[in-house]
$ cat query_37.txt   # compact mmCIF, C-alpha atoms
# COMPACT_ATOMS: atom_id res chain seq x y z
CA MET G 200 264.68 28.73 262.41
CA LEU G 201 262.48 30.87 260.19
CA LYS G 202 263.79 34.41 260.41
CA SER G 203 263.26 37.39 258.16
CA ARG G 204 266.22 37.40 255.81
CA ALA G 205 264.83 40.63 254.43
CA VAL G 206 265.30 42.36 257.76
CA ILE G 207 268.90 41.15 257.88
CA ALA G 208 269.88 41.47 254.25
CA TRP G 209 267.88 44.51 253.23
CA GLN G 210 266.52 47.35 255.30
CA SER G 211 263.97 49.72 253.81
CA PRO G 212 265.26 53.27 253.28
CA ARG G 213 262.96 54.68 255.98
CA VAL G 214 264.25 52.16 258.53
CA VAL G 215 267.83 53.14 257.67
CA CYS G 216 266.92 56.83 257.94
CA ARG G 217 265.36 56.48 261.37
CA ALA G 218 268.52 54.77 262.63
CA LEU G 219 270.68 57.54 261.14
CA LEU G 220 268.52 60.27 262.65
CA LYS G 221 268.86 58.78 266.11
CA GLN G 222 272.62 58.85 265.75
CA GLN G 223 272.87 62.18 263.90
CA PRO G 224 269.82 64.36 264.69
CA HIS G 225 271.20 67.26 262.63
CA LEU G 226 270.31 65.30 259.51
CA PHE G 227 266.64 65.93 260.26
CA ARG G 228 266.81 69.42 258.80
CA HIS G 229 266.86 67.84 255.36
CA GLY G 230 263.65 65.96 256.09
CA ILE G 231 263.22 62.22 256.33
CA ASP G 232 261.62 61.94 252.88
CA SER G 233 264.61 63.59 251.20
CA LEU G 234 267.05 61.49 253.19
CA SER G 235 265.06 58.34 252.49
CA GLU G 236 265.27 59.01 248.77
CA GLN G 237 269.04 59.47 249.01
CA VAL G 238 269.45 56.21 250.91
CA HIS G 239 267.21 54.44 248.43
CA THR G 240 269.35 55.73 245.53
CA ARG G 241 272.54 54.60 247.25
CA GLN G 242 271.06 51.16 247.95
CA LEU G 243 270.09 50.84 244.32
CA SER G 244 273.66 51.66 243.29
CA SER G 245 275.18 49.25 245.80
CA SER G 246 272.96 46.43 244.58
CA GLU G 247 273.83 46.82 240.89
CA ALA G 248 276.76 44.41 241.03
CA SER G 249 274.65 41.75 242.72
CA THR G 250 271.77 42.32 240.31
CA SER G 251 274.01 42.12 237.25
CA ARG G 252 275.34 38.75 238.41
CA SER G 253 271.85 37.35 238.79
CA GLN G 254 270.42 35.40 235.89
CA ALA G 255 266.92 35.92 237.28
CA ALA G 256 266.82 39.36 238.87
CA VAL G 257 263.04 39.50 238.46
CA PRO G 258 261.00 36.63 239.91
CA SER G 259 258.66 34.87 237.52
CA HIS G 260 256.12 34.12 240.23
CA VAL G 261 255.45 36.36 243.24
CA ALA G 262 253.17 35.41 246.13
CA CYS G 263 251.76 38.00 248.56
CA ILE G 264 250.26 37.73 252.03
CA MET G 265 248.31 40.98 252.00
CA ASP G 266 248.36 41.59 255.73
CA GLY G 267 247.49 44.65 257.80
CA ASN G 268 244.29 45.96 256.21
CA PHE G 269 242.21 45.78 259.40
CA ARG G 270 244.90 47.38 261.56
CA TRP G 271 245.50 50.10 258.96
CA GLY G 272 241.82 51.05 259.01
CA CYS G 273 241.59 51.02 262.80
CA ARG G 274 244.59 53.32 263.08
CA ARG G 275 243.09 55.80 260.63
CA GLY G 276 239.77 56.81 262.05
CA GLY G 277 238.81 53.41 263.43
CA ASP G 278 237.04 52.19 260.27
CA TRP G 279 238.39 48.72 259.44
CA ARG G 280 236.24 48.68 256.31
CA ARG G 281 238.32 51.45 254.79
CA GLY G 282 241.43 49.36 255.42
CA HIS G 283 240.06 46.50 253.31
CA GLU G 284 238.96 48.91 250.59
CA GLU G 285 242.39 50.52 250.47
CA GLY G 286 243.85 47.03 250.24
CA VAL G 287 242.12 46.70 246.85
CA ASN G 288 243.97 49.82 245.67
CA ALA G 289 247.27 48.31 246.85
CA LEU G 290 246.58 45.14 244.87
CA ARG G 291 245.88 47.23 241.79
CA ARG G 292 249.29 48.89 242.22
CA VAL G 293 251.10 45.58 242.63
CA VAL G 294 249.46 44.18 239.49
CA LYS G 295 250.81 47.25 237.69
CA PHE G 296 254.31 46.66 239.09
CA CYS G 297 254.20 43.01 237.99
CA ARG G 298 253.21 43.90 234.44
CA ARG G 299 255.84 46.65 234.26
CA ASP G 300 258.70 44.51 235.57
CA GLY G 301 257.97 41.29 233.72
CA VAL G 302 256.63 39.15 236.57
CA ARG G 303 254.58 36.39 234.98
CA ALA G 304 252.33 35.37 237.89
CA LEU G 305 251.03 36.92 241.11
CA THR G 306 249.33 34.75 243.72
CA VAL G 307 247.60 36.59 246.57
CA TYR G 308 246.13 35.47 249.89
CA ALA G 309 242.73 37.16 249.81
CA PHE G 310 240.77 35.10 252.37
CA SER G 311 241.99 32.12 254.39
CA THR G 312 240.10 29.17 255.82
CA GLU G 313 240.89 30.62 259.26
CA ASN G 314 239.32 33.97 258.30
CA TRP G 315 235.89 32.31 258.55
CA GLU G 316 236.37 32.62 262.34
CA ARG G 317 236.14 36.41 262.14
CA SER G 318 232.93 38.24 263.00
CA ARG G 319 229.91 37.68 260.80
CA GLU G 320 229.92 41.40 259.99
CA GLU G 321 233.50 41.40 258.71
CA VAL G 322 233.14 38.15 256.77
CA GLY G 323 229.97 39.40 255.10
CA PHE G 324 231.64 42.69 254.21
CA LEU G 325 234.64 40.89 252.70
CA MET G 326 232.46 38.59 250.59
CA ARG G 327 230.55 41.57 249.20
CA LEU G 328 233.77 43.51 248.66
CA MET G 329 235.31 40.66 246.68
CA GLU G 330 232.28 40.31 244.48
CA ARG G 331 232.07 44.06 243.91
CA THR G 332 235.81 44.30 243.23
CA LEU G 333 235.68 41.58 240.59
CA ASP G 334 232.77 43.30 238.85
CA VAL G 335 234.58 46.66 238.84
CA GLU G 336 238.19 45.64 238.24
CA VAL G 337 238.02 42.71 235.84
CA PRO G 338 237.12 44.68 232.67
CA GLU G 339 240.31 46.74 233.07
CA LEU G 340 242.40 43.70 234.01
CA HIS G 341 241.03 41.86 231.00
CA SER G 342 241.98 44.73 228.69
CA GLN G 343 245.52 44.57 230.15
CA GLY G 344 245.87 40.88 229.31
CA VAL G 345 245.58 39.57 232.89
CA ARG G 346 244.36 36.00 233.26
CA ILE G 347 242.61 35.28 236.58
CA PHE G 348 242.45 32.00 238.46
CA PHE G 349 241.06 31.17 241.89
CA ALA G 350 242.40 28.65 244.41
CA GLY G 351 240.82 27.29 247.57
CA ASN G 352 237.56 25.72 248.69
CA ARG G 353 234.98 27.34 246.42
CA ALA G 354 232.09 25.38 247.89
CA ALA G 355 232.38 27.35 251.13
CA LEU G 356 231.88 30.70 249.35
CA PRO G 357 228.53 32.38 248.61
CA GLU G 358 226.95 31.07 245.40
CA SER G 359 226.78 34.55 243.89
CA LEU G 360 230.53 34.95 244.37
CA GLN G 361 231.17 31.50 242.91
CA ARG G 362 229.24 32.48 239.78
CA VAL G 363 231.27 35.67 239.39
CA MET G 364 234.51 33.70 239.83
CA SER G 365 233.55 31.22 237.11
CA ARG G 366 232.59 34.03 234.76
CA VAL G 367 235.86 35.87 235.37
CA GLU G 368 237.97 32.77 234.73
CA GLU G 369 236.12 32.13 231.47
CA GLN G 370 236.31 35.78 230.41
CA THR G 371 240.08 36.04 230.93
CA ALA G 372 241.03 32.51 229.84
CA LYS G 373 242.93 33.58 226.70
CA ASN G 374 244.99 36.35 228.32
CA THR G 375 248.74 35.82 228.56
CA ASP G 376 250.40 38.99 229.92
CA LEU G 377 250.06 38.16 233.63
CA ILE G 378 248.43 35.44 235.70
CA LEU G 379 246.63 36.60 238.85
CA CYS G 380 245.77 33.71 241.18
CA VAL G 381 243.43 34.76 243.98
CA CYS G 382 243.31 32.41 246.97
CA LEU G 383 239.83 32.48 248.53
CA SER G 384 238.72 30.26 251.40
CA TYR G 385 242.21 28.84 251.08
CA GLY G 386 244.48 27.02 253.53
CA GLY G 387 247.74 25.31 252.62
CA GLN G 388 247.22 22.39 255.00
CA GLN G 389 243.65 21.88 253.88
CA ASP G 390 244.69 22.00 250.22
CA ILE G 391 247.29 19.27 250.81
CA VAL G 392 244.75 17.14 252.67
CA GLN G 393 242.20 17.35 249.85
CA ALA G 394 244.92 16.39 247.35
CA VAL G 395 245.87 13.37 249.48
CA GLN G 396 242.21 12.39 249.81
CA GLN G 397 241.84 12.52 246.03
CA LEU G 398 244.89 10.30 245.57
CA CYS G 399 243.59 7.84 248.19
CA LEU G 400 240.29 7.61 246.32
CA GLU G 401 242.11 6.93 243.04
CA VAL G 402 244.12 4.16 244.72
CA GLN G 403 240.92 2.71 246.22
CA GLN G 404 239.28 2.72 242.79
CA GLY G 405 242.26 0.95 241.26
CA LEU G 406 243.25 3.91 239.10
CA LEU G 407 246.64 4.21 240.85
CA ALA G 408 248.92 1.80 242.68
CA PRO G 409 250.24 3.02 246.07
CA ASP G 410 253.77 3.30 244.69
CA GLN G 411 252.45 5.60 241.96
CA VAL G 412 251.59 8.26 244.54
CA THR G 413 254.39 10.74 243.96
CA GLU G 414 255.22 14.35 244.76
CA LYS G 415 254.34 15.26 241.18
CA ARG G 416 250.91 13.64 241.36
CA LEU G 417 250.13 15.27 244.69
CA SER G 418 251.25 18.65 243.39
CA GLU G 419 248.96 18.26 240.38
CA ARG G 420 245.95 17.91 242.67
CA LEU G 421 246.48 21.13 244.61
CA SER G 422 244.08 23.95 243.78
CA THR G 423 246.99 26.16 242.68
CA HIS G 424 248.10 23.66 240.06
CA THR G 425 247.07 25.50 236.88
CA THR G 426 249.01 28.65 237.78
CA ARG G 427 252.12 26.66 238.68
CA LEU G 428 251.84 24.52 235.56
CA LEU G 429 252.00 27.66 233.42
CA VAL G 430 254.62 29.61 235.37
CA GLY G 431 256.25 27.43 238.02
CA GLU G 432 256.38 27.57 241.79
CA PRO G 433 256.57 30.93 243.61
CA ASP G 434 260.05 32.44 243.53
CA LEU G 435 259.37 35.17 246.07
CA LEU G 436 256.86 35.46 248.91
CA ILE G 437 256.14 38.94 250.28
CA ARG G 438 254.36 39.45 253.60
CA THR G 439 253.37 42.89 254.80
CA SER G 440 252.60 44.41 258.24
CA GLY G 441 255.60 43.03 260.13
CA GLU G 442 254.47 39.47 260.80
CA GLN G 443 257.10 36.83 259.94
CA ARG G 444 255.26 33.59 259.31
CA LEU G 445 253.51 31.80 256.44
CA SER G 446 250.11 31.54 258.16
CA ASN G 447 249.10 28.41 256.26
CA PHE G 448 249.73 29.98 252.84
CA LEU G 449 251.22 27.94 249.97
CA LEU G 450 253.01 25.54 252.34
CA TRP G 451 253.79 23.04 249.58
CA GLU G 452 254.38 25.56 246.83
CA CYS G 453 256.80 27.84 248.73
CA ALA G 454 259.28 25.11 249.70
CA TYR G 455 262.07 27.03 247.91
CA ALA G 456 260.62 30.54 247.71
CA GLU G 457 262.64 33.48 248.96
CA LEU G 458 260.89 35.18 251.88
CA TYR G 459 260.59 38.95 252.24
CA PHE G 460 258.94 40.58 255.26
CA THR G 461 258.19 44.28 255.54
CA PRO G 462 256.63 46.30 258.39
CA THR G 463 254.56 48.25 255.84
CA CYS G 464 250.84 47.47 256.07
CA TRP G 465 249.33 46.27 252.81
CA PRO G 466 247.30 49.44 252.05
CA ASP G 467 250.54 51.47 252.18
CA PHE G 468 252.59 49.07 250.04
CA ASP G 469 253.98 51.25 247.23
CA SER G 470 256.66 51.35 244.53
CA HIS G 471 259.48 51.80 247.05
CA ASP G 472 258.34 48.74 249.03
CA TRP G 473 258.08 46.76 245.81
CA GLN G 474 261.55 47.85 244.73
CA ASP G 475 262.97 46.84 248.11
CA ALA G 476 261.45 43.36 247.67
CA MET G 477 262.83 43.03 244.14
CA LEU G 478 266.32 44.09 245.26
CA HIS G 479 266.21 41.59 248.10
CA TYR G 480 265.27 38.85 245.64
CA ALA G 481 268.03 39.86 243.21
CA SER G 482 270.59 39.65 246.02
CA ARG G 483 269.79 36.03 246.84
CA GLN G 484 271.65 32.95 245.62
CA ARG G 485 269.12 30.21 244.90
CA ARG G 486 270.86 26.83 245.30
CA TYR G 487 267.89 24.46 245.86
CA GLY G 488 269.96 22.37 248.28
CA GLY G 489 273.08 22.38 246.09
CA ARG G 490 276.33 24.30 246.36
CA ALA G 491 277.09 27.75 245.01
CA LYS G 492 279.63 27.85 242.22
CA LEU G 493 283.00 29.13 243.41
CA LEU G 494 284.53 32.02 241.45
$ encode --input "query_37.txt" --output "C-alpha cells"
Amino acid sequence: MLKSRAVIAWQSPRVVCRALLKQQPHLFRHGIDSLSEQVHTRQLSSSEASTSRSQAAVPSHVACIMDGNFRWGCRRGGDWRRGHEEGVNALRRVVKFCRRDGVRALTVYAFSTENWERSREEVGFLMRLMERTLDVEVPELHSQGVRIFFAGNRAALPESLQRVMSRVEEQTAKNTDLILCVCLSYGGQQDIVQAVQQLCLEVQQGLLAPDQVTEKRLSERLSTHTTRLLVGEPDLLIRTSGEQRLSNFLLWECAYAELYFTPTCWPDFDSHDWQDAMLHYASRQRRYGGRAKLL
C-alpha cells in the first residue's frame, strides 16, 4: 500500500501548529508564524541525532512532481496562468536550495504525456512559457554551473522549443555544479515501452540475443539515462499539493526512492518545505531489500 510516509514520519510545522491551536487556543496570541518557527526549531533539534547517524543526510538526486500550479492560480484571482508563472519562481528557488545543500541532480516533471489532454489554450501557454523560461533563465543557470538535460518524447514538442532545448543542452554541456533534468512530454510507462521497443529491434537485427536483454540494458535506453549515469537513481521524490501518487513519473527510476508528500502547492514551496523534505530523508533507513544493522 503506497501511503505518505512523510505525513506519518514528519509533519510540517504549520500542520503541527494547527493541531496545537485546536487543543490550546490560548497559544494563538503568539501568532501561528511565531509558533510555527518554534516548532520548526524544535523539530530540527530532535532530528539531529538521526541526521548525525546518517551517512547520506543529503540526497544526491532529488526528483520533483511540481503539482498545484493551476489550482494555486485559480484560488488567487482565478488566473491559472499566474499559477504556472509562479511555478517557475518556485523552481528557481529549489535549484538554489540544491546548489546550497550539495544535491547533485534535480529531475522535475514539467509536462507529462497526459498533459496533452488539457485544453489547447493551456497547452499552448505552457509551451510558450517553457520556451520563454529557457531563454530567460538559462544564462543565469549557466553562470552558476548548472548542466541541463531534457527527458521525454521530444518529437511531440513544437519545433521551436526543440531547437531551444538542443541549444541549451549544448550551451551547458561542460557545467558540473548541478544537473537539472527537465521532463517534457514525458511518461514513465511510455519511456519504458520505447526502451523495450529499441531492445526488440536490436534483437531482431541480430545485435543482441534475447538472453542479453537485461535490466541494465533497458535502463540505459530510458530517456533519463544520462542524468542517472552521472549521478545515480533518484534518492528522494517530492510531490507537492497533497496528492499521494507517482502519476506516471520515473516509474523505473524511483524503485527505491524515498517518497515525500506535502500539501503545499508548488508555487508556495519554500525553504521551510525544502527543509522538511530533507529532514524526512535524513530520518529514513535505506535498506534496498536488506536488513538494518543491529546496534
$ closest_atom_pairs --input "query_37.txt" --of "range 257-313 of chain G" --to "range 323-343 of chain G" --cutoff "12 Å" --atoms "only C-alpha atoms" --output "tab-separated table"
residue	atom	partner	partner_atom	distance
G:Asn268	CA	G:Leu325	CA	11.5
G:Phe269	CA	G:Leu325	CA	11.2
G:Trp279	CA	G:Phe324	CA	10.5
G:Arg280	CA	G:Phe324	CA	7.8
G:Arg281	CA	G:Leu328	CA	11.0
G:Gly282	CA	G:Leu325	CA	11.2
G:His283	CA	G:Leu325	CA	7.8
G:Glu284	CA	G:Leu328	CA	7.7
G:Glu285	CA	G:Leu328	CA	11.3
G:Gly286	CA	G:Leu328	CA	10.8
G:Val287	CA	G:Thr332	CA	7.7
G:Asn288	CA	G:Thr332	CA	10.1
G:Leu290	CA	G:Glu336	CA	10.7
G:Arg291	CA	G:Glu336	CA	8.6
G:Arg292	CA	G:Leu340	CA	11.9
G:Val294	CA	G:Leu340	CA	9.0
G:Lys295	CA	G:Gln343	CA	9.6
G:Cys297	CA	G:Gln343	CA	11.8
G:Arg298	CA	G:Gln343	CA	8.8
G:Arg299	CA	G:Gln343	CA	11.3
G:Ala309	CA	G:Met329	CA	8.8
G:Phe310	CA	G:Leu325	CA	8.4
G:Ser311	CA	G:Leu325	CA	11.6
$ residues_near_point --input "query_37.txt" --point "(261.0, 32.0, 240.3)" --cutoff "10 Å" --atoms "only C-alpha atoms" --output "mmCIF file with C-alpha atoms, keeping the file's coordinate frame"
data_model
loop_
_atom_site.group_PDB
_atom_site.id
_atom_site.type_symbol
_atom_site.label_atom_id
_atom_site.label_comp_id
_atom_site.auth_asym_id
_atom_site.auth_seq_id
_atom_site.Cartn_x
_atom_site.Cartn_y
_atom_site.Cartn_z
ATOM 1 C CA ALA G 255 266.920 35.920 237.280
ATOM 2 C CA ALA G 256 266.820 39.360 238.870
ATOM 3 C CA VAL G 257 263.040 39.500 238.460
ATOM 4 C CA PRO G 258 261.000 36.630 239.910
ATOM 5 C CA SER G 259 258.660 34.870 237.520
ATOM 6 C CA HIS G 260 256.120 34.120 240.230
ATOM 7 C CA VAL G 261 255.450 36.360 243.240
ATOM 8 C CA VAL G 302 256.630 39.150 236.570
ATOM 9 C CA ARG G 303 254.580 36.390 234.980
ATOM 10 C CA ALA G 304 252.330 35.370 237.890
ATOM 11 C CA VAL G 430 254.620 29.610 235.370
ATOM 12 C CA GLY G 431 256.250 27.430 238.020
ATOM 13 C CA GLU G 432 256.380 27.570 241.790
ATOM 14 C CA PRO G 433 256.570 30.930 243.610
ATOM 15 C CA ASP G 434 260.050 32.440 243.530
ATOM 16 C CA LEU G 435 259.370 35.170 246.070
ATOM 17 C CA TYR G 455 262.070 27.030 247.910
ATOM 18 C CA ALA G 456 260.620 30.540 247.710
ATOM 19 C CA GLU G 457 262.640 33.480 248.960
ATOM 20 C CA TYR G 480 265.270 38.850 245.640
ATOM 21 C CA ARG G 485 269.120 30.210 244.900
#
$ atom_distance --input "query_37.txt" --atom1 "CA of Glu316 in chain G" --atom2 "CA of Ile378 in chain G"
29.4 Å
$ atom_distance --input "query_37.txt" --atom1 "CA of Arg438 in chain G" --atom2 "CA of Met265 in chain G"
6.4 Å
$ residues_around --input "query_37.txt" --residues "Trp473 in chain G" --least-positions-apart "4" --cutoff "10 Å" --atoms "only C-alpha atoms" --output "list of chain:residue names"
G:Arg292, G:Val293, G:Phe296, G:Cys297, G:Ile437, G:Phe468, G:Asp469, G:Met477, G:Leu478, G:His479
$ atom_distance --input "query_37.txt" --atom1 "CA of Gln393 in chain G" --atom2 "CA of Leu458 in chain G"
25.9 Å
$ residues_around --input "query_37.txt" --residues "range 410-417 of chain G" --least-positions-apart "2" --cutoff "12 Å" --atoms "only C-alpha atoms" --output "number ranges by chain"
G: 390-402, 405-408, 419-424, 427-428, 451-452
$ closest_residue --input "query_37.txt" --among "G:Arg346, G:Tyr385, G:Leu379, G:Tyr459" --to "Ala481 in chain G" --atoms "only C-alpha atoms"
G:Tyr459
$ closest_residue --input "query_37.txt" --among "G:Asn447, G:Gln484, G:Thr439, G:Ser470" --to "Trp271 in chain G" --atoms "all atoms listed in the file"
G:Thr439
$ residues_around --input "query_37.txt" --residues "Cys263 in chain G" --least-positions-apart "4" --cutoff "8 Å" --atoms "only C-alpha atoms" --output "PyMOL selection string"
chain G and resi 305-308+436-438
$ axis_aligned_box --input "query_37.txt" --around "range 363-381 of chain G" --padding-each-side "8 Å" --output "AutoDock Vina command-line options"
--center_x 240.8 --center_y 35.1 --center_z 235.3 --size_x 35.1 --size_y 23.8 --size_z 33.3
$ closest_residue --input "query_37.txt" --among "G:Val345, G:Gly488, G:Pro409, G:Gly301" --to "Asn374 in chain G" --atoms "only C-alpha atoms"
G:Val345
$ closest_residue --input "query_37.txt" --among "G:Phe348, G:Leu429, G:Val381, G:Thr461" --to "Ser365 in chain G" --atoms "only C-alpha atoms"
G:Phe348
$ closest_residue --input "query_37.txt" --among "G:Ile347, G:Leu449, G:Ala289, G:Ala262" --to "Ser418 in chain G" --atoms "only C-alpha atoms"
G:Leu449
$ closest_residue --input "query_37.txt" --among "G:Ser482, G:Phe460, G:Ala476, G:Trp465" --to "Arg270 in chain G" --atoms "only C-alpha atoms"
G:Trp465
